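Asker: So I've got this file, data25.cif, and it contains mmCIF, C-alpha atoms:
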data_upload
#
loop_
_atom_site.label_atom_id
_atom_site.label_comp_id
_atom_site.auth_asym_id
_atom_site.auth_seq_id
_atom_site.Cartn_x
_atom_site.Cartn_y
_atom_site.Cartn_z
CA ILE A 1 73.47 188.13 251.37
CA TYR A 2 73.08 185.04 249.17
CA LEU A 3 73.95 185.54 245.47
CA ASN A 4 71.02 187.35 243.80
CA GLY A 5 68.86 186.22 246.70
CA PRO A 6 67.83 186.93 250.29
CA ARG A 7 69.91 187.82 253.31
CA ARG A 8 71.28 184.72 255.03
CA GLY A 9 70.29 183.79 258.56
CA ASN A 10 72.93 184.82 261.07
CA VAL A 11 75.58 182.16 261.81
CA PRO A 12 78.33 183.14 264.30
CA ALA A 13 81.71 181.60 263.52
CA ASP A 14 81.55 179.40 266.62
CA LYS A 15 78.11 178.05 265.65
CA VAL A 16 78.84 176.87 262.09
CA SER A 17 79.12 173.17 262.98
CA PHE A 18 75.82 171.33 263.29
CA SER A 19 77.34 169.49 266.24
CA THR A 20 77.27 172.76 268.18
CA PRO A 21 73.84 173.49 269.72
CA PHE A 22 72.24 176.62 268.26
CA PRO A 23 68.53 176.66 269.17
CA GLU A 24 68.14 180.26 267.96
CA TYR A 25 69.20 179.31 264.42
CA LYS A 26 66.72 180.65 261.86
CA PRO A 27 67.92 179.86 258.33
CA VAL A 28 66.11 181.44 255.38
CA LYS A 29 64.42 179.06 252.95
CA TYR A 30 65.49 179.79 249.38
CA THR A 31 65.72 177.98 246.07
CA ASN A 32 66.23 180.14 243.00
CA PRO A 33 63.12 180.32 240.75
CA LEU A 34 65.14 179.03 237.77
CA VAL A 35 66.05 175.87 239.71
CA MET A 36 62.40 175.41 240.65
CA THR A 37 61.37 175.35 236.98
CA GLY A 38 63.07 171.94 236.72
CA PRO A 39 65.85 172.35 234.12
CA VAL A 40 67.61 169.13 233.03
CA TRP A 41 70.56 169.78 235.37
CA ALA A 42 68.38 170.14 238.47
CA ASP A 43 66.70 167.67 240.83
CA LYS A 44 62.99 167.78 241.45
CA ASP A 45 61.90 169.58 244.59
CA ILE A 46 61.61 167.53 247.77
CA THR A 47 58.25 168.25 249.34
CA SER A 48 58.18 165.37 251.82
CA PRO A 49 60.65 163.06 253.58
CA LYS A 50 59.25 160.23 251.46
CA HIS A 51 61.01 160.42 248.11
CA ASP A 52 63.05 158.10 245.91
CA MET A 53 66.41 159.93 245.91
CA LYS A 54 69.31 157.77 247.09
CA PHE A 55 71.75 159.92 249.05
CA ASN A 56 75.34 158.85 249.83
CA SER A 57 75.31 156.61 246.76
CA LEU A 58 75.18 156.54 242.97
CA ASP A 59 71.54 157.36 242.24
CA GLY A 60 71.04 156.18 238.68
CA LYS A 61 73.45 158.38 236.73
CA VAL A 62 73.62 161.05 239.44
CA ASN A 63 76.56 160.79 241.83
CA ARG A 64 75.31 161.70 245.32
CA VAL A 65 78.47 160.48 247.07
CA SER A 66 80.48 163.16 248.88
CA TYR A 67 84.28 163.32 248.88
CA TYR A 68 83.81 164.42 252.49
CA GLY A 69 82.41 161.03 253.46
CA ASN A 70 78.89 160.03 254.44
CA TYR A 71 76.69 163.02 255.24
CA GLU A 72 73.57 163.02 257.39
CA VAL A 73 70.07 162.99 255.96
CA VAL A 74 67.49 164.58 258.27
CA ASP A 75 63.77 164.56 257.46
CA GLY A 76 64.62 163.39 253.96
CA LEU A 77 67.07 166.25 253.29
CA PRO A 78 70.88 165.99 253.05
CA VAL A 79 72.80 168.05 255.59
CA ASN A 80 75.88 170.10 254.66
CA PRO A 81 78.82 168.21 256.27
CA VAL A 82 80.78 171.39 256.95
CA GLY A 83 78.01 173.22 258.74
CA ARG A 84 75.36 175.92 258.78
CA THR A 85 75.14 178.49 255.99
CA GLY A 86 72.07 180.52 256.95
CA ILE A 87 70.13 179.19 253.94
CA VAL A 88 68.04 176.02 253.55
CA GLY A 89 66.88 174.67 250.20
CA ARG A 90 69.13 174.57 247.14
CA GLY A 91 69.76 178.24 246.41
CA LEU A 92 71.32 178.39 242.95
CA LEU A 93 72.47 174.76 242.95
CA GLY A 94 70.62 172.08 241.03
CA LYS A 95 71.29 169.00 243.11
CA TRP A 96 70.33 168.19 246.67
CA GLY A 97 73.50 167.25 248.54
CA PRO A 98 76.86 167.37 246.74
CA ASN A 99 77.03 169.18 243.39
CA HIS A 100 80.13 167.85 241.64
CA ALA A 101 82.39 170.07 239.54
CA ALA A 102 85.74 169.71 237.80
CA ASP A 103 88.37 172.48 237.62
CA PRO A 104 91.18 172.20 235.05
CA VAL A 105 94.20 174.31 236.05
CA VAL A 106 96.02 174.76 232.74
CA THR A 107 99.45 176.33 233.22
CA ARG A 108 102.47 177.38 231.17
CA TRP A 109 105.65 179.37 231.79
CA LYS A 110 105.51 183.12 231.19
CA ARG A 111 107.90 183.94 228.36
CA ASP A 112 109.46 187.14 226.98
CA ALA A 113 109.46 188.28 223.34
CA LYS A 114 112.40 185.94 222.63
CA GLY A 115 110.57 182.93 224.05
CA GLU A 116 112.72 182.76 227.18
CA ILE A 117 111.09 181.80 230.48
CA MET A 118 110.74 184.85 232.71
CA LYS A 119 111.71 184.88 236.39
CA ASP A 120 110.42 187.02 239.23
CA GLY A 121 112.83 189.76 240.28
CA LYS A 122 112.58 188.99 244.00
CA SER A 123 112.20 185.22 244.27
CA ASN A 124 114.27 184.47 241.15
CA LYS A 125 111.82 181.66 240.41
CA PRO A 126 110.14 181.16 237.02
CA VAL A 127 106.72 182.77 236.68
CA LEU A 128 103.80 180.47 235.94
CA GLU A 129 100.64 181.55 234.12
CA PHE A 130 97.22 179.89 234.22
CA VAL A 131 94.12 180.21 232.07
CA GLY A 132 91.46 182.14 233.98
CA ILE A 133 87.95 183.23 233.09
CA LYS A 134 85.90 186.12 234.43
CA ARG A 135 82.60 184.81 235.78
CA LYS A 136 79.47 186.63 234.65
CA ASP A 137 77.58 186.07 237.91
CA THR A 138 80.09 187.43 240.46
CA LEU A 139 82.59 189.14 238.10
CA ASP A 140 85.39 187.26 239.87
CA TRP A 141 88.29 185.66 238.00
CA ALA A 142 88.18 181.89 238.28
CA ILE A 143 89.38 178.56 236.92
CA PRO A 144 87.36 177.59 233.80
CA GLY A 145 85.61 174.61 235.36
CA GLY A 146 82.06 173.35 235.32
CA MET A 147 79.58 170.85 236.63
CA VAL A 148 80.00 167.12 236.06
CA GLU A 149 76.84 166.16 234.19
CA ALA A 150 74.96 162.97 235.01
CA GLY A 151 76.74 160.02 233.41
CA ASP A 152 79.93 161.99 232.59
CA THR A 153 83.33 161.30 234.14
CA VAL A 154 85.46 163.91 235.86
CA SER A 155 88.22 163.51 233.24
CA LEU A 156 85.76 164.15 230.38
CA THR A 157 84.33 167.20 232.14
CA LEU A 158 87.78 168.70 232.74
CA LYS A 159 88.58 168.64 229.04
CA LYS A 160 85.11 169.61 227.85
CA GLU A 161 84.73 172.59 230.18
CA PHE A 162 88.15 173.99 229.31
CA GLY A 163 87.38 173.76 225.60
CA GLU A 164 83.96 175.38 225.96
CA GLU A 165 84.82 178.14 228.44
CA ALA A 166 88.37 179.11 227.51
CA LEU A 167 88.52 178.34 223.79
CA ASN A 168 84.83 178.77 222.88
CA SER A 169 84.98 175.42 221.09
CA MET A 170 81.19 175.36 220.72
CA GLU A 171 81.44 178.11 218.08
CA MET A 172 84.39 176.64 216.13
CA SER A 173 84.30 175.10 212.70
CA SER A 174 84.57 171.32 212.54
CA GLU A 175 88.17 171.60 211.29
CA ALA A 176 89.18 173.97 214.12
CA LYS A 177 87.46 171.70 216.67
CA LYS A 178 89.52 168.79 215.38
CA ASP A 179 92.79 170.70 215.89
CA VAL A 180 91.76 171.75 219.40
CA ARG A 181 90.68 168.23 220.28
CA THR A 182 94.05 166.82 219.21
CA THR A 183 95.96 169.32 221.36
CA LEU A 184 93.64 168.92 224.34
CA ASP A 185 93.84 165.12 224.14
CA LYS A 186 97.63 165.36 224.35
CA LEU A 187 97.70 167.99 227.12
CA PHE A 188 94.95 166.40 229.20
CA LYS A 189 96.38 162.90 228.96
CA LYS A 190 98.57 163.49 231.99
CA GLY A 191 97.41 165.69 234.85
CA THR A 192 98.34 166.07 238.51
CA LEU A 193 95.63 166.07 241.15
CA LEU A 194 95.63 169.30 243.17
CA TYR A 195 92.48 168.91 245.24
CA ARG A 196 89.45 166.71 245.70
CA GLY A 197 86.73 167.73 248.15
CA TYR A 198 84.34 170.36 249.50
CA VAL A 199 84.45 173.91 248.11
CA ASP A 200 83.73 177.01 250.18
CA ASP A 201 81.40 178.34 247.49
CA PRO A 202 79.01 181.32 247.87
CA ARG A 203 76.19 179.18 246.42
CA ASN A 204 76.32 176.60 249.23
CA THR A 205 73.31 176.03 251.47
CA ASP A 206 72.50 173.74 254.40
CA ASN A 207 71.13 171.16 251.93
CA ALA A 208 73.21 171.65 248.78
CA TRP A 209 76.93 172.30 248.38
CA MET A 210 79.77 172.34 245.88
CA GLU A 211 82.54 169.76 245.65
CA THR A 212 85.27 169.61 243.03
CA VAL A 213 88.27 167.83 241.59
CA ALA A 214 91.03 170.26 240.57
CA VAL A 215 93.75 168.93 238.25
CA ASN A 216 96.86 170.69 236.94
CA PHE A 217 97.67 170.25 233.25
CA HIS A 218 101.03 171.91 232.56
CA ASP A 219 101.82 172.95 228.98
CA ASP A 220 105.60 172.60 229.13
CA SER A 221 105.93 172.54 225.34
CA ASN A 222 104.03 175.84 224.93
CA ALA A 223 101.59 174.11 222.58
CA PHE A 224 98.84 176.56 223.50
CA SER A 225 100.73 179.47 221.94
CA THR A 226 99.08 178.46 218.65
CA PHE A 227 95.57 178.86 220.08
CA LYS A 228 93.72 182.08 220.74
CA LEU A 229 91.86 182.11 224.03
CA GLN A 230 88.22 183.04 223.51
CA ALA A 231 85.55 183.23 226.20
CA GLY A 232 82.58 180.89 225.88
CA ASP A 233 78.97 181.71 226.79
CA ASP A 234 79.48 181.24 230.53
CA ALA A 235 82.54 183.50 230.73
CA GLY A 236 82.80 187.27 230.45
CA ALA A 237 86.50 187.21 229.53
CA VAL A 238 89.43 184.78 229.39
CA SER A 239 93.15 185.38 229.81
CA TRP A 240 96.53 183.91 230.71
CA ILE A 241 97.08 185.24 234.24
CA PRO A 242 100.54 185.44 235.88
CA ILE A 243 100.54 183.57 239.18
CA SER A 244 101.53 185.28 242.41
CA ASN A 245 100.28 185.58 245.96
CA ASP A 246 98.49 188.83 245.02
CA ILE A 247 95.82 187.27 242.79
CA LYS A 248 92.19 187.37 243.90
CA LEU A 249 90.00 184.53 242.68
CA TYR A 250 86.51 183.07 243.08
CA ALA A 251 85.70 180.83 246.09
CA ASN A 252 88.84 178.92 247.14
CA HIS A 253 90.35 178.73 243.64
CA LYS A 254 93.41 180.61 244.89
CA ASN A 255 94.26 177.56 247.01
CA PHE A 256 94.33 175.36 243.91
CA ILE A 257 96.53 177.86 242.05
CA GLU A 258 98.95 178.07 244.98
CA THR A 259 99.24 174.28 245.02
CA ALA A 260 99.93 174.23 241.27
CA SER A 261 102.58 176.93 241.65
CA LYS A 262 104.42 175.07 244.39
CA LEU A 263 104.07 171.78 242.52
CA ASN A 264 105.93 173.30 239.58
CA ASN A 265 108.46 175.07 241.84
CA ALA A 266 107.34 178.43 240.45
CA HIS A 267 107.17 181.93 241.88
CA TRP A 268 104.42 182.52 244.44
#
Could the structure of this file be written out as structure tokens, please?
Answerer:
Amino acid sequence: IYLNGPRRGNVPADKVSFSTPFPEYKPVKYTNPLVMTGPVWADKDITSPKHDMKFNSLDGKVNRVSYYGNYEVVDGLPVNPVGRTGIVGRGLLGKWGPNHAADPVVTRWKRDAKGEIMKDGKSNKPVLEFVGIKRKDTLDWAIPGGMVEAGDTVSLTLKKEFGEEALNSMEMSSEAKKDVRTTLDKLFKKGTLLYRGYVDDPRNTDNAWMETVAVNFHDDSNAFSTFKLQAGDDAGAVSWIPISNDIKLYANHKNFIETASKLNNAHW
């Protein structure tokens, strides 16, 4: 079943690729009513193959280029490069084609009451923690990322989304915002790319899909100990979460966390 929507058309595992013939394929047409109202973050609806959207390119301020490479456009609609999803239309996504996000993986070492870095009893490796938020839509724990708005850069979005979702910077006083901005500028100055590409997201459809850039920002100096994590409007809760192979996260966020853990030679 699609999130808050209809039941998906059946897609056997061996029929996901559009290169595999599947004449019986009957996807369900669905675009969430909110998307259809035309909010600022959403494209207009495509009612005919003749439209002025420029796919596989920068379309004004909207980036319609996929990290996956050039995708097909059939009858005026972009086609999911990974394959069939059982849903046509945009579902809960605003953009036709790739919907670009940015996921900041902010990490630090788990420390005891004396400030010493803690190690796992079995692996004897230091334990890493990351800032996670609890999504309101699926109730899954996730990385506090967000959509790259038209005209924004990925680097700006990484910093902005972390501030808004994990520190609730939108509700801070101007003085508090200044302190947060100074710390974030320092922390986010140097990040390590973890992933850039397609995301196996439950909101994906045959014509709209999620892509992201995940970057690790490691707080080695423990600068964030002076800040209180506070969930923003889009998050139900926020917390420092110890990293291990047991964690369950939204979409394929666990893959990004595993990469960050191994990058820092931490317990997994």
Asker: Run the PyMOL selection byres ((chain A and resi 251) around 12) mentally over the shown coordinates, then write out the matched residues as a PyMOL selection string, using the chain letters and numbers from the document.
Answerer: chain A and resi 135+138-143+198-204+210-212+248-250+252-257
Asker: Please write as a VMD selection string the list of polymer residues whose atoms come within 10 Å of (103.0, 178.7, 224.7), counting only C-alpha atoms and keeping to the coordinates of the file.
Answerer: chain A and resid 107 to 111 115 219 to 227
Asker: With only C-alpha atoms as the basis for distance, which of A:Phe162, A:Tyr2, A:Phe18, A:Phe217 is at the shortest distance from A:Arg181?
Answerer: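 The shortest atom-to-atom distance to A:Arg181 comes from A:Phe162.
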Asker: Compare A:Lys136, A:His51, A:Arg8, A:Lys262 by their minimum atom-to-atom distance to A:Ile243, counting all atoms listed in the file, and give me the closest one.
Answerer: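 Checking each candidate against A:Ile243, we get A:Lys262 as the closest.
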Asker: Smallest atom-to-atom distance to A:Ala214: which of A:Gly191, A:Gly121, A:Gly89, A:Gly60, using all atoms listed in the file?
Answerer: A:Gly191
Asker: For this structure, which residues satisfy the selection - the PyMOL selection byres ((chain A and resi 267) around 6) - when it is evaluated on the file as given? I want them as number ranges by chain.
Answerer: A: 125-127, 266, 268
Asker: By how many Å are atom CA of A:Trp41 and atom CA of A:Gly94 apart?
Answerer: 6.1 Å
Asker: When the PyMOL selection byres ((chain A and resi 144-147) around 7) is applied to the structure above, which residues does it catch, written out as a PyMOL selection string?
Answerer: chain A and resi 100-104+132-133+142-143+148-149+158+161-162+165-166
Asker: Calculate how many Å separate atom CA of A:Arg90 from atom CA of A:Pro27, rounding to one decimal.
Answerer: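 For atom CA of A:Arg90 relative to atom CA of A:Pro27, the distance reads 12.4 Å.
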Asker: Could you check the closest approach to A:Val180 for each of A:Leu229, A:Ala150, A:Ala42, A:Val28 and tell me which residue wins, using only C-alpha atoms?
Answerer: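 Looking only at the distances to A:Val180, the closest residue turns out to be A:Leu229.
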Asker: Set the distance at 10 Å and use all atoms listed in the file: which residues neighbour A:Val16 once local chain neighbours fewer than 4 positions away are removed? I'd like the list as an mmCIF file with C-alpha atoms, keeping the file's coordinate frame.
Answerer:
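Result file is out31.cif:
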data_model
loop_
_atom_site.group_PDB
_atom_site.id
_atom_site.type_symbol
_atom_site.label_atom_id
_atom_site.label_comp_id
_atom_site.auth_asym_id
_atom_site.auth_seq_id
_atom_site.Cartn_x
_atom_site.Cartn_y
_atom_site.Cartn_z
ATOM 1 C CA ASN A 10 72.930 184.820 261.070
ATOM 2 C CA VAL A 11 75.580 182.160 261.810
ATOM 3 C CA PRO A 12 78.330 183.140 264.300
ATOM 4 C CA THR A 20 77.270 172.760 268.180
ATOM 5 C CA PRO A 21 73.840 173.490 269.720
ATOM 6 C CA PHE A 22 72.240 176.620 268.260
ATOM 7 C CA VAL A 82 80.780 171.390 256.950
ATOM 8 C CA GLY A 83 78.010 173.220 258.740
ATOM 9 C CA ARG A 84 75.360 175.920 258.780
ATOM 10 C CA THR A 85 75.140 178.490 255.990
ATOM 11 C CA GLY A 86 72.070 180.520 256.950
#
Asker: A:Ala176, A:Leu3, A:Val74, A:Val88: which is nearest A:Lys29, counting only C-alpha atoms?
Answerer: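 With only C-alpha atoms as the atom set, the closest residue is A:Val88.
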Asker: In Å, with one decimal, what is the gap from atom CA of A:Leu92 to atom CA of A:Asp206?
Answerer: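 These atoms are spaced 12.4 Å apart.
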Asker: With only C-alpha atoms as the basis for distance, which of A:Gly91, A:Met172, A:Ser261, A:Lys178 is at the shortest distance from A:Lys228?
Answerer: A:Met172
Asker: May I have the residues within 9 Å of A:Leu193 as a VMD selection string, using only C-alpha atoms and disregarding those fewer than 5 positions away in the same chain?
Answerer: chain A and resid 213 to 216
Asker: Need to verify the contact set: A:Asn168, 7 Å, only C-alpha atoms, exclusion of same-chain residues closer than 4 positions in sequence. Can you return it as a ChimeraX atom specification?
Answerer: /A:163-164,230-232
